[in-house]
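K.L.:
start39.txt (compact mmCIF, C-alpha atoms) pasted underneath:
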```txt
# COMPACT_ATOMS: atom_id res chain seq x y z
CA MET T 1 14.57 -11.64 -10.62
CA SER T 2 14.42 -7.98 -11.56
CA ARG T 3 11.91 -5.36 -10.48
CA THR T 4 10.17 -5.84 -13.81
CA ASP T 5 9.12 -9.39 -12.90
CA PRO T 6 5.34 -9.47 -13.41
CA ASN T 7 4.66 -12.38 -11.07
CA PRO T 8 7.18 -12.60 -8.23
CA THR T 9 6.68 -14.86 -5.26
CA VAL T 10 5.95 -13.20 -1.92
CA GLU T 11 9.46 -14.10 -0.79
CA THR T 12 11.10 -12.64 -3.90
CA LEU T 13 9.20 -9.36 -3.66
CA ARG T 14 9.95 -9.08 0.09
CA SER T 15 13.65 -9.70 -0.53
CA ARG T 16 13.90 -6.57 -2.70
CA TYR T 17 13.03 -4.28 0.22
CA GLU T 18 13.78 -3.84 3.92
CA ASN T 19 11.35 -3.89 6.84
CA VAL T 20 8.34 -5.20 4.91
CA VAL T 21 5.32 -5.93 7.11
CA HIS T 22 3.81 -9.31 6.28
CA HIS T 23 0.14 -9.87 7.13
CA GLU T 24 -1.79 -13.10 6.66
CA ALA T 25 -5.51 -13.52 7.12
CA SER T 26 -8.27 -15.96 6.27
CA HIS T 27 -11.81 -14.87 5.45
CA GLU T 28 -14.87 -17.12 5.30
CA LEU T 29 -17.30 -16.06 2.58
CA ASP T 30 -20.80 -17.13 1.67
CA ALA T 31 -21.07 -19.20 -1.51
CA ASP T 32 -22.17 -16.32 -3.78
CA THR T 33 -19.44 -13.92 -2.63
CA PHE T 34 -16.83 -16.68 -2.87
CA ALA T 35 -17.90 -17.54 -6.44
CA SER T 36 -17.85 -13.89 -7.47
CA MET T 37 -14.38 -13.27 -6.07
CA ARG T 38 -12.98 -16.52 -7.44
CA ALA T 39 -14.27 -15.67 -10.93
CA SER T 40 -12.21 -12.48 -11.08
CA PRO T 41 -8.59 -12.75 -12.20
CA ARG T 42 -6.20 -13.73 -9.45
CA GLY T 43 -2.56 -12.93 -8.95
CA TRP T 44 -1.28 -9.76 -7.36
CA GLY T 45 -3.14 -6.69 -6.24
CA VAL T 46 -1.07 -3.55 -5.73
CA GLY T 47 -1.55 -0.14 -4.21
CA ALA T 48 0.22 2.65 -2.42
CA LEU T 49 0.13 4.59 0.80
CA VAL T 50 0.62 8.07 -0.61
CA VAL T 51 1.69 10.58 2.04
CA ASP T 52 2.43 14.22 1.16
CA ALA T 53 4.79 16.74 2.78
CA ALA T 54 2.02 17.80 5.19
CA GLU T 55 1.75 14.14 6.31
CA ARG T 56 -1.70 13.71 4.77
CA LEU T 57 -2.76 10.30 3.44
CA LEU T 58 -4.42 9.98 0.02
CA LEU T 59 -7.52 7.74 0.05
CA VAL T 60 -10.30 6.87 -2.37
CA ARG T 61 -13.96 6.40 -1.40
CA GLU T 62 -15.50 3.33 -2.98
CA ASP T 63 -18.60 1.35 -2.05
CA GLY T 64 -19.05 3.27 1.20
CA GLN T 65 -15.56 2.95 2.60
CA TRP T 66 -12.10 4.49 2.31
CA LEU T 67 -9.26 2.58 0.67
CA ALA T 68 -5.68 3.21 -0.33
CA PRO T 69 -5.62 3.55 -4.13
CA GLY T 70 -4.89 0.24 -5.79
CA GLY T 71 -6.08 -2.62 -7.93
CA ARG T 72 -4.96 -5.67 -9.87
CA LEU T 73 -1.80 -6.01 -11.92
CA GLU T 74 -2.12 -6.08 -15.67
CA VAL T 75 -0.49 -8.83 -17.75
CA ASP T 76 3.33 -8.56 -17.79
CA GLU T 77 3.31 -5.58 -15.40
CA SER T 78 5.62 -5.47 -12.38
CA PRO T 79 4.12 -4.75 -8.95
CA GLU T 80 5.98 -1.42 -8.84
CA THR T 81 4.72 -0.28 -12.25
CA GLY T 82 1.21 -1.43 -11.41
CA ALA T 83 1.12 0.50 -8.13
CA VAL T 84 2.13 3.75 -9.87
CA ARG T 85 -0.46 3.17 -12.62
CA GLU T 86 -3.26 2.35 -10.16
CA VAL T 87 -2.66 5.50 -8.08
CA ARG T 88 -2.70 7.66 -11.23
CA GLU T 89 -5.85 5.97 -12.62
CA GLU T 90 -7.81 6.21 -9.38
CA THR T 91 -6.69 9.62 -8.12
CA GLY T 92 -5.04 11.58 -10.94
CA VAL T 93 -1.90 11.90 -8.77
CA ASP T 94 1.52 10.86 -10.10
CA VAL T 95 3.77 9.28 -7.48
CA SER T 96 7.32 8.09 -6.89
CA LEU T 97 7.68 4.88 -4.92
CA ARG T 98 9.90 4.94 -1.83
CA GLY T 99 9.66 1.28 -0.95
CA LEU T 100 7.41 -1.62 -0.12
CA ALA T 101 5.49 -1.11 3.12
CA GLY T 102 3.78 -4.47 3.35
CA ILE T 103 2.30 -7.55 1.77
CA ALA T 104 -1.08 -8.96 2.73
CA GLU T 105 -1.80 -12.58 1.90
CA GLN T 106 -5.48 -13.34 2.16
CA THR T 107 -7.06 -16.77 1.91
CA PHE T 108 -10.72 -16.76 0.98
CA VAL T 109 -12.71 -19.81 2.11
CA ASN T 110 -16.16 -20.93 0.98
CA GLU T 111 -17.97 -21.38 4.29
CA ASP T 112 -20.18 -24.13 2.80
CA THR T 113 -17.61 -26.29 0.99
CA GLY T 114 -14.26 -25.37 2.51
CA ASP T 115 -12.82 -24.60 -0.94
CA SER T 116 -10.27 -21.81 -0.84
CA PHE T 117 -7.98 -19.59 -2.89
CA ALA T 118 -5.26 -17.09 -2.04
CA PHE T 119 -4.83 -13.45 -3.04
CA ARG T 120 -1.72 -11.32 -2.51
CA PHE T 121 -1.64 -7.54 -2.20
CA ALA T 122 1.55 -5.43 -2.18
CA MET T 123 1.26 -2.00 -0.56
CA PHE T 124 4.02 0.42 -1.51
CA GLU T 125 5.05 3.69 0.14
CA ALA T 126 4.81 6.64 -2.25
CA THR T 127 5.47 10.35 -2.45
CA PRO T 128 3.12 12.45 -4.60
CA GLU T 129 4.58 14.60 -7.35
CA THR T 130 1.51 16.86 -7.05
CA THR T 131 -1.37 17.01 -4.58
CA GLU T 132 -4.16 17.97 -6.97
CA VAL T 133 -6.66 15.13 -7.30
CA ALA T 134 -8.82 14.21 -10.30
CA ASP T 135 -12.28 15.76 -10.65
CA ASP T 136 -13.57 12.46 -12.08
CA PRO T 137 -11.66 9.75 -10.18
CA GLY T 138 -11.17 6.19 -11.32
CA LEU T 139 -11.99 4.40 -14.54
CA PRO T 140 -15.57 4.23 -15.88
CA SER T 141 -15.90 0.64 -14.58
CA GLU T 142 -14.97 1.65 -11.01
CA SER T 143 -17.33 3.03 -8.38
CA ILE T 144 -14.95 5.56 -6.83
CA SER T 145 -17.04 8.44 -5.54
CA SER T 146 -14.25 10.72 -4.25
CA VAL T 147 -10.54 11.14 -3.63
CA GLU T 148 -9.38 13.04 -0.56
CA TRP T 149 -6.32 13.80 1.54
CA HIS T 150 -6.71 12.79 5.23
CA THR T 151 -4.78 13.85 8.32
CA SER T 152 -5.70 10.58 10.06
CA VAL T 153 -6.96 7.16 8.98
CA PRO T 154 -10.79 7.21 8.99
CA THR T 155 -12.54 4.57 11.07
CA ASP T 156 -14.33 3.23 7.97
CA THR T 157 -11.11 2.45 6.10
CA TYR T 158 -10.85 -1.03 4.58
CA VAL T 159 -8.29 -3.11 6.56
CA ARG T 160 -7.74 -0.06 8.76
CA ASP T 161 -5.49 -1.89 11.25
CA PHE T 162 -3.15 -2.94 8.43
CA VAL T 163 -3.03 0.62 7.03
CA VAL T 164 -2.32 2.06 10.49
CA GLU T 165 0.43 -0.52 11.05
CA LEU T 166 2.05 0.28 7.71
CA LEU T 167 2.02 4.00 8.42
CA GLY T 168 3.87 3.25 11.68
```
In structure tokens, write the structure found in this file.
P.N.:
Amino acid sequence: MSRTDPNPTVETLRSRYENVVHHEASHELDADTFASMRASPRGWGVGALVVDAAERLLLVREDGQWLAPGGRLEVDESPETGAVREVREETGVDVSLRGLAGIAEQTFVNEDTGDSFAFRFAMFEATPETTEVADDPGLPSESISSVEWHTSVPTDTYVRDFVVELLG
């Protein structure tokens, strides 16, 4: 499969790169949260750890926590293309990918029924082409309140341990 494959398996995507961290987790959710998450399109989520020459990390603030910029793949979009697009949409920063840092496989379980579904997220390593961030970050449908460069990973970063591990 080529790097333009829009729906690779975890194994296929991992085989394209070296030293990819693989993280698996299971999360029990209440019935309403489970139904909401299951209703949204599944497949791959993609994002990037964008680190500049000063070793600052680019993060977006959304719903009260910091996240690496990212989102869901569009139809017929490769994970690599999607990661570049998501960073640009959410931050205004154009990036070049250096590699795949890690893949998180998350299984979401309805705590009442035991039903479950899986979600995969590929986190790429990226170098910014500029460091100027957008004044109005994200798309109108997103709740991104700010985009900032950080010299360390904030304590209120989503999946902070995974981000710290990927940064090495």
K.L.:
Have a look at atom CA of T:Gly102 and atom CA of T:Gly71 and let me know their distance in Å, one decimal.
P.N.:
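Going from atom CA of T:Gly102 over to atom CA of T:Gly71, I get 15.1 Å.
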K.L.:
Any idea what's packed within 10 Å of T:Met37, counting all atoms listed in the file, ignoring anything in its chain fewer than 6 positions away? Could you give it as a PyMOL selection string?
P.N.:
chain T and resi 29+108+117
K.L.:
I'd like the neighbourhood of T:Pro8 as a ChimeraX atom specification, where a residue qualifies if any of its atoms comes within 12 Å (using only C-alpha atoms), though same-chain residues fewer than 6 positions away should be ignored.
P.N.:
/T:1-2,14-16,43-44,73,76-80,120-122
K.L.:
Taking into account all atoms listed in the file, which residue in the set T:Thr113, T:Glu86, T:Val20, T:Leu100 is nearest to T:Ala35?
P.N.:
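Closest to T:Ala35 of all the choices is T:Thr113.
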K.L.:
Could you check how far atom CA of T:His150 sits from atom CA of T:Leu58, in Å to one decimal?
P.N.:
6.3 Å
K.L.:
Atom CA of T:Asn110 and atom CA of T:Ala25 are how many Å apart?
P.N.:
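Between these atoms lies a distance of 14.4 Å.
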K.L.:
Dump as JSON lines the rows for residues of stretch 33-129 of chain T within 8 Å of stretch 138-141 of chain T: closest atom pair and distance in Å with one decimal, all atoms listed in the file counted, ordered by chain and rising residue number.
P.N.:
```
{"residue": "T:Glu89", "atom": "CA", "partner": "T:Gly138", "partner_atom": "CA", "distance": 5.5}
{"residue": "T:Glu90", "atom": "CA", "partner": "T:Gly138", "partner_atom": "CA", "distance": 3.9}
{"residue": "T:Thr91", "atom": "CA", "partner": "T:Gly138", "partner_atom": "CA", "distance": 6.5}
```
K.L.:
Counting all atoms listed in the file, figure out which residue out of T:Ala68, T:Ile144, T:Met123, T:Ala118 gets nearest to T:His22.
P.N.:
T:Met123
K.L.:
Which residue is closest to T:His23? Choose from T:Asp156, T:Glu105, T:Asp135, T:Asp161 and count all atoms listed in the file.
P.N.:
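Ranked by minimum distance to T:His23, first place goes to T:Glu105.
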K.L.:
Give the answer as one residue: which of T:Val109, T:Ala39, T:Val60, T:Ala104 has the shortest atom-to-atom distance to T:Glu142, using all atoms listed in the file?
P.N.:
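Going through T:Val109, T:Ala39, T:Val60, T:Ala104 one by one, the smallest distance to T:Glu142 is for T:Val60.
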K.L.:
Ranking T:His27, T:Arg38, T:Arg72, T:Arg56 by minimum distance to T:Ser152 and counting all atoms listed in the file, which one comes first?
P.N.:
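Closest residue, counting all atoms listed in the file: T:Arg56.
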K.L.:
Excluding same-chain residues fewer than 2 positions from T:Val87, what lies within 12 Å of it counting only C-alpha atoms, as a PyMOL selection string?
P.N.:
chain T and resi 46-50+58-60+67-72+80-85+89-97+123-129+133-134+137-139+147
K.L.:
Filtering to C-alpha atoms, could you give me those residues as a compact mmCIF listing (two decimals), in the coordinates of the input?
P.N.:
```txt
# COMPACT_ATOMS: atom_id res chain seq x y z
CA VAL T 46 -1.07 -3.55 -5.73
CA GLY T 47 -1.55 -0.14 -4.21
CA ALA T 48 0.22 2.65 -2.42
CA LEU T 49 0.13 4.59 0.80
CA VAL T 50 0.62 8.07 -0.61
CA LEU T 58 -4.42 9.98 0.02
CA LEU T 59 -7.52 7.74 0.05
CA VAL T 60 -10.30 6.87 -2.37
CA LEU T 67 -9.26 2.58 0.67
CA ALA T 68 -5.68 3.21 -0.33
CA PRO T 69 -5.62 3.55 -4.13
CA GLY T 70 -4.89 0.24 -5.79
CA GLY T 71 -6.08 -2.62 -7.93
CA ARG T 72 -4.96 -5.67 -9.87
CA GLU T 80 5.98 -1.42 -8.84
CA THR T 81 4.72 -0.28 -12.25
CA GLY T 82 1.21 -1.43 -11.41
CA ALA T 83 1.12 0.50 -8.13
CA VAL T 84 2.13 3.75 -9.87
CA ARG T 85 -0.46 3.17 -12.62
CA GLU T 89 -5.85 5.97 -12.62
CA GLU T 90 -7.81 6.21 -9.38
CA THR T 91 -6.69 9.62 -8.12
CA GLY T 92 -5.04 11.58 -10.94
CA VAL T 93 -1.90 11.90 -8.77
CA ASP T 94 1.52 10.86 -10.10
CA VAL T 95 3.77 9.28 -7.48
CA SER T 96 7.32 8.09 -6.89
CA LEU T 97 7.68 4.88 -4.92
CA MET T 123 1.26 -2.00 -0.56
CA PHE T 124 4.02 0.42 -1.51
CA GLU T 125 5.05 3.69 0.14
CA ALA T 126 4.81 6.64 -2.25
CA THR T 127 5.47 10.35 -2.45
CA PRO T 128 3.12 12.45 -4.60
CA GLU T 129 4.58 14.60 -7.35
CA VAL T 133 -6.66 15.13 -7.30
CA ALA T 134 -8.82 14.21 -10.30
CA PRO T 137 -11.66 9.75 -10.18
CA GLY T 138 -11.17 6.19 -11.32
CA LEU T 139 -11.99 4.40 -14.54
CA VAL T 147 -10.54 11.14 -3.63
```
K.L.:
Between T:Phe119, T:Trp149, T:Tyr17, T:Tyr158, which residue has the minimum interatomic distance to T:Gly64, considering only C-alpha atoms?
P.N.:
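Closest to T:Gly64, using only C-alpha atoms: T:Tyr158.
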